[in-house]
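So the structure is just underneath, and the comments pick up after that.
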Amino acid sequence: MNHHAVLHLIGQVFLLLAIFLLVPTGVALGYNEHHAFTACLRAALISGFLGYGLVHLKSRGKGVEKRKASLGTRPNLLRLGASLVAVLFLFLSPLGDGEDLVQLAHHVSWLSNLHIDHSLLAIEFLLLVGGALFFFREIRYDYKRGELGQKEFYRREGLAVVGLSWLVAGLIGALPFVFSDARLGMTDAFFEAVSGFTTTGSTILSGEAIDALDRSITFWRSFTHWLGGIGIVLVFVVLFPSGGRSLFRSEVPGVSREAVRSRVRDSAMGLMRAYIFLTGLQVACYMVAGLDLFEALVHSFGTLATGGFSSHSESIAYFRSPVVEGITTLFMFLAGINFAVYDSALRHGAKRGFGLAWRSSEVRLYSGIILGSITVITLVLWFWGGSNGASASGLPDYSRISSALRDSSFVVVSVQTSTGYGTADFDQWPQFVRVLLMGLAFVGACAGSTGGGLKVVRFMVLAKASLRSFQLFARPRARFFVRMNGHPLDEEMVSGIVGYFGMWFLVAGAATLALTAMNIEPVTAATSVLATLNNIGPGLNMVGPTQNFGWMPEAGKLLSSVLMILGRLEFYAVVVLFLPRFWRI
Amino acid sequence: MFLIGLIAELRRDLREAGAHGKQFYRREGLATVGLAWVLIGLGGALPFLLSGTIPNLPDAIFESFSGFTTTGATILPAERLDALAHAFGFWRAFSHWVGGIGIVLVFVILFPAGGRSLFRSEVPGIDREASYQRVRDSAWALVRVYVGLTVIEVVCYSIAGISIYEGVIHAFSTMATGGFSSHSKSIGYFDSTPVEFITMLFMFLAGINFAYYDTALRLGPRRGIRTLMRSSELRLYVGMLAGSILVITVGLWFWGGGNGAVGVDLPDYSQAGRALRDVSFTVVSVQTCTGYVTADFDRWPEFARVILMILAFVGACAGSTGGGLKVVRLIVIVKASLRSFSQFARPRARLPLRLDGNVLDESLISTVIGYGVMWMMACILGTFLLACVGIDPVTGLTASLSCLNNFGPGLHLVGPSLDYSWMPGAGKLICVSLMVVGRLEFYALVVLFLPRFWRA
């Protein structure tokens, strides 16, 4: 295990986060939110310095021969130490009320005869640009010098980096929440940041708190979704295409031929392009429907990453517009499909892309489940709404089939893709519908998408393997293969997938037990475990769509945060971090 | 009415006799077992229907199947149960007893290979038993053990002061890990520590793999006990019992119990002795999926309720009369899950799984894990179907869990002090299906529905 490589990469992750943090800083600049500006800038600088220290761990300055440097020399503790001091200072200092900047602006404007607003703007702008330059320079440090390069970086190092990155992202991403006007405690802020980067969408903020957040903080919240979404797609399509994920690979024949031909970097670029393209498309649609740019961005981020954060406490229902809901539904559905399809469509044309999607049995089943559920729930709501007092708890009149269809299609797609946007309080719907929705949440979206859950393809394999085990029971000596899209699957892969289910149930069971030990009522406990582990967002009862996680005890919030990361990284990437054998040379 | 019951008994004997004839292979055995259980269950409803004790058809079917699958869930509300004629109380308990030995015979004798070879590789004595004569001898040995233990239990009960009739009923029910009683308050009626202790002991014994008793009889007690000690399934079974008893007792002791927060029926758990008594009985009753009740555990704190449901899910040892997923499968699932971490980190490594020294076949491991997942799916499907008839998730889930694992009571509306009488007919039939599916461990029932199975 090349420890230095891992540390170096984590350093780069810190720097990357710092760069990302500059974006909400810029937004704060644009909206004149000075406190938020300072909060985000502080967070960015903390992350940046930590990154700087880690990235330069092995460097010796300019006068050292390259040969010596690459032979595992002592780490450069001086730079690391200096960085840590800077970080500590930034963290603990009383700076950051925005007041200091204003004071500085006073001095500057006195010196230069500029209006105070302008000088404030100028100062902030300079800080922003300075930070950006610094971070960009440091993040490219390694590549230019080629000290570590591509050698000695294998699967284990990649796994370690992935697991640690999400933890680091959660910690750093929490900082803006901690420093800003919202003044969240570390546990709450961590929960919110993790919920962002894992594209879960559960929140500890109450309705009023969400509405009262600074715009740049709201932006950061949704931006973490967007980043988390593409992060996951890259990890599970590019980094780990074999082993646990080669199922995806063998499933989409276009990609496996492509992986042979093109480099890993090309696939990554292609996926990012697809993601950005879809985001742009959705923003455009939203703006045509009448949303302003900020709202369009926030909700597109939330949709494509299948996250669920909104700038409003009523979520998408705020807009009261079937058009907006329709756009959101469409893009949620699209985000739940394997992104390699979009990559292929952009490269080779739409026809080839659609052909790929259509041929995949996973996509067909995914669409089928969604259409089927929408049909069933619409009919049930229609019957139910017509008869008794469904209009009691603020629900619309479902005896009109159009409103039943509108709400059911949105909720079904939202839950199945594990997005978590809400238009109707489905916790008030009939029992059978609630249970069905939790079942959909359990299944999840397609593999290789930003959606959560256990993934449709795993269910298909499980079903086929179960059917097969019946046949084996009747005739133990026969040999049956589980086939997917015509290809027979490797036994190990099948048992790996079945084992994944076992793992899921073990973790979910233990977590539910732990939550009930904190005196949380069983349905709430079970559905909050489901919601966090499958990165959906809302559950039922006390964590239902109109509620939040704010009431939970601290331990419960921490547990939920851990579950979110476990679920997003599909367990292994996180758990291996705790096995000593993993870290050995 | 009794005659009808006897006829049902004879039918079963005929099946046993036919089972040892020629041209009778695995598939025929499977078909017979599946069909037999269904037919016997339906037949057993006749006494209730014809006598007017339980005039409602779904109710009678429910009660009968609950008997033969040794579940122990009842649709008789307290007054009717307490007023039930002796003959029917006997019939209920007798159906438990018959069901219990039936299951042991099926899963120790008929299907020792394939889905059960996990069990087989564990007990080397059975492994060498290939010939027909040996199979018959083993069958007889198990019947003798079963009857013997029942008799010993009746004797213990009469020493403790219970009438013969009551003793027989409760012994039948205990050995089959069923849970029917002649009283609506179940064992709690007697309010006697010795009685609870006897019941607990025999429930525990009934939850052990009966093949060990067979080994002990054939090869001597010393050898039997040694094989017993070496079995990791048994060790985990005992460990789970001891651990849960400890955790819940301490939890209840802190919680206090009769401190007015939860109403009148709970005793004062701030006395550790009382807590220990109730908890140990309940834990053993739950883990072996018997379903006897001395305390209304639905009123215990959340964590205790959830632990109990998990214990009910895991169940007793394979090859016993107990229900549940079976401890040995849990062991395999946990080991395989832990192994999958090492596999993910190092995909090319070969890491075989061992159980009691034997290496397990990969396809067997997949089957066991798959089985566990199917079990969970069945619970979830049951919850869903019950929700379709309007039953809330907690009741639905615990009712499905309880029927699938042949336990008896659940939580909430099917809690230990309540019954299943309020359920709509469709819900009762769903529960019945789950009971049978769980008792026959899925395959024997489901294969009946696969066309490929019936082909020549």
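Please note that chains go A, B, ... in the order of the structure tokens, that every chain numbers its residues from 1, and that ligands are numbered from 1 in the order shown.
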### Query
Given a cut-off of 6 Å, which residues of chain A touch chain B, counting only C-alpha atoms, written out as a ChimeraX atom specification?
/A:431-432,476,495,499,503,516-517
### Query
So which residues touch region 234-245 of chain B within 9 Å, counting only C-alpha atoms, skipping near sequence neighbours fewer than 3 positions away, as a list in words?
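Non-adjacent residues within range: Gly207, Ile208, Asn209, Leu228, Met229, Arg230, Ser231, Ile248, Thr249, Val250, Leu276, Val279, Ser280, Phe281, Thr282, Val283, Val284, Gln287, Ile307, Leu308, Leu311, Gly315, Ala316, Cys317, Val327, Val328 and Ile331 of chain B.
The environment of region 366-378 of chain A within 8 Å, counting only C-alpha atoms and disregarding residues fewer than 2 places along the same chain, consists of Glu362, Val363, Arg364, Val380, Leu381, Trp382, Ile401, Ala404, Leu405, Ser408, Ser409, Val412, Val413, Gln416, Val433, Ala445, Cys446 and Val456 of chain A.
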### Selection near region 406-423 of chain B, 6 Å with only C-alpha atoms, sequence-local residues under 2 positions removed, as a ChimeraX atom specification
/B:71-75,289-291,296,298,323,395,398-399,402-404,427,435
Write to file, as a PDB file, in the first residue's frame, the residues of the selection just made, with C-alpha atoms.
ATOM      1  CA  THR B  71     -46.940 -21.685  14.715  1.00  0.00           C
ATOM      2  CA  GLY B  72     -49.287 -21.152  17.624  1.00  0.00           C
ATOM      3  CA  ALA B  73     -51.086 -18.034  16.477  1.00  0.00           C
ATOM      4  CA  THR B  74     -54.748 -18.139  17.341  1.00  0.00           C
ATOM      5  CA  ILE B  75     -57.929 -16.517  16.151  1.00  0.00           C
ATOM      6  CA  CYS B 289     -40.227 -19.664  17.936  1.00  0.00           C
ATOM      7  CA  THR B 290     -42.498 -21.313  20.425  1.00  0.00           C
ATOM      8  CA  GLY B 291     -44.615 -18.344  21.338  1.00  0.00           C
ATOM      9  CA  ASP B 296     -46.570  -8.728  27.574  1.00  0.00           C
ATOM     10  CA  ASP B 298     -45.073  -5.552  23.512  1.00  0.00           C
ATOM     11  CA  GLY B 323     -38.821 -22.158  13.312  1.00  0.00           C
ATOM     12  CA  THR B 395     -48.519  -5.134  12.750  1.00  0.00           C
ATOM     13  CA  THR B 398     -44.473  -8.604  12.723  1.00  0.00           C
ATOM     14  CA  ALA B 399     -47.446 -10.752  11.759  1.00  0.00           C
ATOM     15  CA  SER B 402     -44.310 -14.382  13.094  1.00  0.00           C
ATOM     16  CA  CYS B 403     -46.179 -16.631  10.689  1.00  0.00           C
ATOM     17  CA  LEU B 404     -43.234 -17.187   8.408  1.00  0.00           C
ATOM     18  CA  GLY B 427     -55.336 -11.375   5.821  1.00  0.00           C
ATOM     19  CA  MET B 435     -46.972 -20.316   7.851  1.00  0.00           C
TER      20      MET B 435
END
### Who sits within 12 Å of Phe197 (chain B), only C-alpha atoms, same chain under 2 positions skipped, as a list in words
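Returned residues: Glu153, Cys156, Tyr157, Ala160, Ile187, Phe190, Asp191, Ser192, Thr193, Pro194, Val195, Thr199, Met200, Leu201, Phe202, Met203, Phe204, Leu276, Arg277, Asp278, Val279, Ser280, Phe281, Thr282, Val284, Ser285 and Thr294 of chain B.
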### Message
Give me, as a ChimeraX atom specification, all polymer residues having an atom no more than 10 Å from region 556-559 of chain A, counting only C-alpha atoms and skipping those fewer than 2 positions away in the same chain.
### Response
/A:187-188,190-192,204,511,514-518,520,525,529,532,549-554,561-564
#### Entry: Which of region 329-578 of chain A fall in helix (DSSP H, G or I), as an MDAnalysis selection string
chainID A and resid 329:335 339:348 350:359 361:387 390:393 401:416 426:428 431:443 456:474 491:517 522:533 541:543 554:568 572:578
### Query
Hey, which of A:Gly163, A:Gly207, A:Gly336, A:Gly11 ends up closest to Ala447 (chain A)? Count only C-alpha atoms.
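Of the candidates, the smallest distance to Ala447 (chain A) is held by A:Gly336.
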